[in-house]
Amino acid sequence: MSRRRLVYEGKAKNLYEGPEPGTLVQYFKDDATAFNKQKHAIIDGKGVLNNRISEFLMTQLNAIGIRTHFIRRINMREQLIRAVEIIPLEVVVRNVAAGSLVKKLGLTQGEALPRPIVEFYYKDDKLGDPMVSEEHIAAFNWADQQDMDDMISMALRVNDFLSGLFMGVGLKLVDFKIEFGHIWDGDNQVVLLADEISPDSMRLWDVKTGRKLDKDVFRENLGDLVEAYAEVARRLGVMPENVAAGEDEGGPKLVH
């Protein structure tokens, strides 16, 4: 790791110069943060699980024609990705009332929404990632109308696919956050799904019990975060059913 040039250091991931032009190495850290970094902890094994879960989900999305930055997993904590120009927006899709939506609109937590809702947030930690409208995005040139249309369309396709995938393993996809970036494909600039898709960036509730299996476990002090993420990995088939998270010194055992 020390021989690679650090390109970007984030809250939960680092990006390093890749082995080939146009690539990066994405490294998943064990850091857990909440409330705009007001709460922070190092949770052994979290990065390993997020790397593997994100690899699985990105691979599934690539397979159905949703282009992503993911190329391949390198090891337990690293994956090779395409270098993209990140669009400075977070795209949130909501299926069920939870989190800030409950506080802002006075809804009941767990209430099913009439339809999936897509929201944009401007990526700026100092401002607390404020929610913005398409008018703001166009006015400040964060993305053009075609980009916005592409992001909304892709976000809804991701939602349809992941909702079905998770429901098949007894999990309700309450909401999730994704990011996008640009790459050049010949003479055309195209939008790719970037960053990660993991329990860090979504809310997942057990269909039968309502148990939370996402970062709300950390936010709300609900128990062992790694065990919650390991349960998601087991249900997706990327971790053996009979192996407990952190069972061995090396941390969670994942299926290769």
# chains A, B, ... in the order shown; residues from 1 in each chain; ligands from 1

call {"tool": "residues_around", "arguments": {"residues": "A:Ala83", "least_positions_apart": "4", "cutoff": "6 Å", "atoms": "only C-alpha atoms", "output": "compact mmCIF listing (two decimals) with N, CA, C and O atoms, in the first residue's frame"}}
result
# COMPACT_ATOMS: atom_id res chain seq x y z
N GLY A 22 -6.03 5.22 -16.21
CA GLY A 22 -7.49 5.20 -16.17
C GLY A 22 -8.06 4.30 -15.10
O GLY A 22 -9.28 4.07 -15.07
N THR A 23 -7.20 3.79 -14.21
CA THR A 23 -7.70 2.94 -13.12
C THR A 23 -7.27 3.49 -11.77
O THR A 23 -6.31 4.25 -11.66
N LEU A 24 -8.00 3.08 -10.73
CA LEU A 24 -7.67 3.40 -9.35
C LEU A 24 -7.84 2.14 -8.51
O LEU A 24 -8.57 1.21 -8.90

call {"tool": "residues_around", "arguments": {"residues": "stretch 31-44 of chain A", "least_positions_apart": "6", "cutoff": "7 Å", "atoms": "only C-alpha atoms", "output": "number ranges by chain"}}
result
A: 11-12, 125, 128, 219

call {"tool": "closest_residue", "arguments": {"among": "A:Leu49, A:Ile86, A:Lys104, A:Leu156", "to": "A:Glu231", "atoms": "only C-alpha atoms"}}
result
A:Leu49

call {"tool": "residues_around", "arguments": {"residues": "stretch 194-203 of chain A", "least_positions_apart": "2", "cutoff": "9 Å", "atoms": "only C-alpha atoms", "output": "JSON list (two decimals) with C-alpha atoms, in the first residue's frame"}}
result
[["chain", "number", "residue", "atom", "x", "y", "z"],
["A", 12, "ALA", "CA", -14.61, 5.09, 4.75],
["A", 26, "GLN", "CA", -10.28, 1.58, -3.92],
["A", 32, "ALA", "CA", -17.46, 4.07, 10.81],
["A", 49, "LEU", "CA", -17.40, -6.92, 4.47],
["A", 50, "ASN", "CA", -18.22, -3.72, 2.58],
["A", 51, "ASN", "CA", -15.64, -4.54, -0.09],
["A", 52, "ARG", "CA", -17.14, -7.98, -0.66],
["A", 53, "ILE", "CA", -20.78, -6.90, -0.55],
["A", 54, "SER", "CA", -20.13, -3.96, -2.88],
["A", 55, "GLU", "CA", -18.25, -6.24, -5.29],
["A", 57, "LEU", "CA", -23.80, -5.94, -5.95],
["A", 58, "MET", "CA", -21.76, -4.01, -8.54],
["A", 68, "THR", "CA", -20.38, 0.83, -13.07],
["A", 69, "HIS", "CA", -16.80, 1.79, -12.26],
["A", 70, "PHE", "CA", -16.11, -1.66, -10.78],
["A", 81, "ILE", "CA", -12.04, 0.53, -10.44],
["A", 82, "ARG", "CA", -12.21, 2.86, -13.40],
["A", 84, "VAL", "CA", -14.15, 8.64, -13.17],
["A", 86, "ILE", "CA", -17.23, 12.24, -9.84],
["A", 98, "ALA", "CA", -37.05, 6.59, 7.54],
["A", 172, "LYS", "CA", -36.50, -4.78, 2.79],
["A", 173, "LEU", "CA", -34.57, -2.08, 0.91],
["A", 174, "VAL", "CA", -35.76, 1.01, 2.76],
["A", 175, "ASP", "CA", -33.52, 3.55, 1.01],
["A", 176, "PHE", "CA", -30.01, 3.92, -0.40],
["A", 177, "LYS", "CA", -27.45, 6.47, -1.54],
["A", 178, "ILE", "CA", -25.40, 6.17, -4.72],
["A", 179, "GLU", "CA", -22.95, 8.35, -6.62],
["A", 180, "PHE", "CA", -22.13, 8.74, -10.29],
["A", 181, "GLY", "CA", -19.18, 9.84, -12.39],
["A", 192, "LEU", "CA", -21.28, 5.45, -14.65],
["A", 205, "TRP", "CA", -34.56, -4.15, 7.48],
["A", 212, "LYS", "CA", -31.90, -3.15, 11.15],
["A", 213, "LEU", "CA", -28.89, -4.56, 9.29],
["A", 214, "ASP", "CA", -27.19, -1.36, 8.16],
["A", 215, "LYS", "CA", -25.26, 1.64, 9.50],
["A", 216, "ASP", "CA", -28.20, 2.60, 11.71],
["A", 228, "ALA", "CA", -25.18, -7.04, 11.13],
["A", 229, "TYR", "CA", -23.12, -6.62, 7.94],
["A", 232, "VAL", "CA", -26.27, -9.36, 4.98]]

call {"tool": "select_by_dssp", "arguments": {"residues": "stretch 63-227 of chain A", "states": "strand (DSSP E or B)", "output": "ChimeraX atom specification"}}
result
/A:68,70-73,78-82,85-96,112-122,131-132,171-185,188-194,202-206,212

call {"tool": "atom_distance", "arguments": {"atom1": "atom CA of A:Glu20", "atom2": "atom CA of A:Asp187"}}
result
20.9 Å

call {"tool": "residues_around", "arguments": {"residues": "A:Ser100", "least_positions_apart": "6", "cutoff": "12 Å", "atoms": "only C-alpha atoms", "output": "PDB file with C-alpha atoms, in the first residue's frame"}}
result
ATOM      1  CA  PHE A  35     -23.816  12.592  11.804  1.00  0.00           C
ATOM      2  CA  VAL A  92     -30.881   8.989  -2.703  1.00  0.00           C
ATOM      3  CA  ARG A  94     -36.408   6.114  -0.833  1.00  0.00           C
ATOM      4  CA  GLY A 106     -43.615  14.218   9.900  1.00  0.00           C
ATOM      5  CA  LEU A 107     -44.129  10.749   8.453  1.00  0.00           C
ATOM      6  CA  THR A 108     -44.289   7.559  10.468  1.00  0.00           C
ATOM      7  CA  GLN A 109     -41.124   5.489  10.356  1.00  0.00           C
ATOM      8  CA  GLU A 119     -33.545  13.075  -4.127  1.00  0.00           C
ATOM      9  CA  PRO A 130     -27.645  19.778   1.680  1.00  0.00           C
ATOM     10  CA  MET A 131     -30.598  18.588  -0.365  1.00  0.00           C
ATOM     11  CA  ASP A 175     -33.517   3.551   1.015  1.00  0.00           C
TER      12      ASP A 175
END

call {"tool": "closest_residue", "arguments": {"among": "A:Asn141, A:Asn14, A:Thr59, A:Asn95", "to": "A:Glu78", "atoms": "only C-alpha atoms"}}
result
A:Asn14

call {"tool": "atom_distance", "arguments": {"atom1": "atom CA of A:Met167", "atom2": "atom CA of A:Gly110"}}
result
15.6 Å

call {"tool": "closest_residue", "arguments": {"among": "A:Val91, A:Val158, A:Val207, A:Ala97", "to": "A:Gln60", "atoms": "only C-alpha atoms"}}
result
A:Val158

call {"tool": "select_by_dssp", "arguments": {"residues": "stretch 169-245 of chain A", "states": "helix (DSSP H, G or I)", "output": "VMD selection string"}}
result
chain A and resid 199 to 201 216 to 219 225 to 236

call {"tool": "closest_residue", "arguments": {"among": "A:Val102, A:Ile66, A:Leu162, A:Ala230", "to": "A:Asp150", "atoms": "only C-alpha atoms"}}
result
A:Ile66

call {"tool": "decode", "arguments": {"residues": "stretch 92-104 of chain A", "atoms": "N, CA, C and O atoms", "output": "mmCIF file, in the first residue's frame"}}
result
data_model
loop_
_atom_site.group_PDB
_atom_site.id
_atom_site.type_symbol
_atom_site.label_atom_id
_atom_site.label_comp_id
_atom_site.auth_asym_id
_atom_site.auth_seq_id
_atom_site.Cartn_x
_atom_site.Cartn_y
_atom_site.Cartn_z
ATOM 1 N N VAL A 92 -30.222 9.826 -3.705
ATOM 2 C CA VAL A 92 -30.881 8.989 -2.703
ATOM 3 C C VAL A 92 -32.221 8.517 -3.257
ATOM 4 O O VAL A 92 -32.998 9.314 -3.789
ATOM 5 N N VAL A 93 -32.472 7.222 -3.136
ATOM 6 C CA VAL A 93 -33.769 6.653 -3.518
ATOM 7 C C VAL A 93 -34.434 6.130 -2.254
ATOM 8 O O VAL A 93 -33.820 5.382 -1.490
ATOM 9 N N ARG A 94 -35.673 6.504 -2.041
ATOM 10 C CA ARG A 94 -36.408 6.114 -0.833
ATOM 11 C C ARG A 94 -37.657 5.310 -1.208
ATOM 12 O O ARG A 94 -38.436 5.725 -2.078
ATOM 13 N N ASN A 95 -37.830 4.187 -0.532
ATOM 14 C CA ASN A 95 -39.020 3.347 -0.702
ATOM 15 C C ASN A 95 -39.929 3.367 0.515
ATOM 16 O O ASN A 95 -41.136 3.147 0.406
ATOM 17 N N VAL A 96 -39.320 3.611 1.675
ATOM 18 C CA VAL A 96 -40.018 3.554 2.960
ATOM 19 C C VAL A 96 -39.593 4.776 3.774
ATOM 20 O O VAL A 96 -38.438 5.207 3.700
ATOM 21 N N ALA A 97 -40.504 5.335 4.543
ATOM 22 C CA ALA A 97 -40.186 6.508 5.361
ATOM 23 C C ALA A 97 -39.206 6.121 6.472
ATOM 24 O O ALA A 97 -39.473 5.213 7.260
ATOM 25 N N ALA A 98 -38.072 6.819 6.516
ATOM 26 C CA ALA A 98 -37.055 6.586 7.541
ATOM 27 C C ALA A 98 -36.104 7.769 7.545
ATOM 28 O O ALA A 98 -36.069 8.569 6.607
ATOM 29 N N GLY A 99 -35.313 7.871 8.618
ATOM 30 C CA GLY A 99 -34.262 8.884 8.675
ATOM 31 C C GLY A 99 -34.779 10.301 8.558
ATOM 32 O O GLY A 99 -35.800 10.675 9.148
ATOM 33 N N SER A 100 -34.073 11.093 7.741
ATOM 34 C CA SER A 100 -34.384 12.518 7.631
ATOM 35 C C SER A 100 -35.761 12.777 7.034
ATOM 36 O O SER A 100 -36.383 13.805 7.322
ATOM 37 N N LEU A 101 -36.265 11.862 6.214
ATOM 38 C CA LEU A 101 -37.589 12.053 5.611
ATOM 39 C C LEU A 101 -38.671 12.075 6.679
ATOM 40 O O LEU A 101 -39.623 12.861 6.596
ATOM 41 N N VAL A 102 -38.538 11.254 7.695
ATOM 42 C CA VAL A 102 -39.493 11.232 8.796
ATOM 43 C C VAL A 102 -39.462 12.557 9.547
ATOM 44 O O VAL A 102 -40.503 13.140 9.872
ATOM 45 N N LYS A 103 -38.235 13.050 9.818
ATOM 46 C CA LYS A 103 -38.099 14.298 10.568
ATOM 47 C C LYS A 103 -38.625 15.496 9.781
ATOM 48 O O LYS A 103 -39.290 16.377 10.324
ATOM 49 N N LYS A 104 -38.328 15.519 8.484
ATOM 50 C CA LYS A 104 -38.695 16.688 7.680
ATOM 51 C C LYS A 104 -40.185 16.765 7.370
ATOM 52 O O LYS A 104 -40.764 17.855 7.328
#
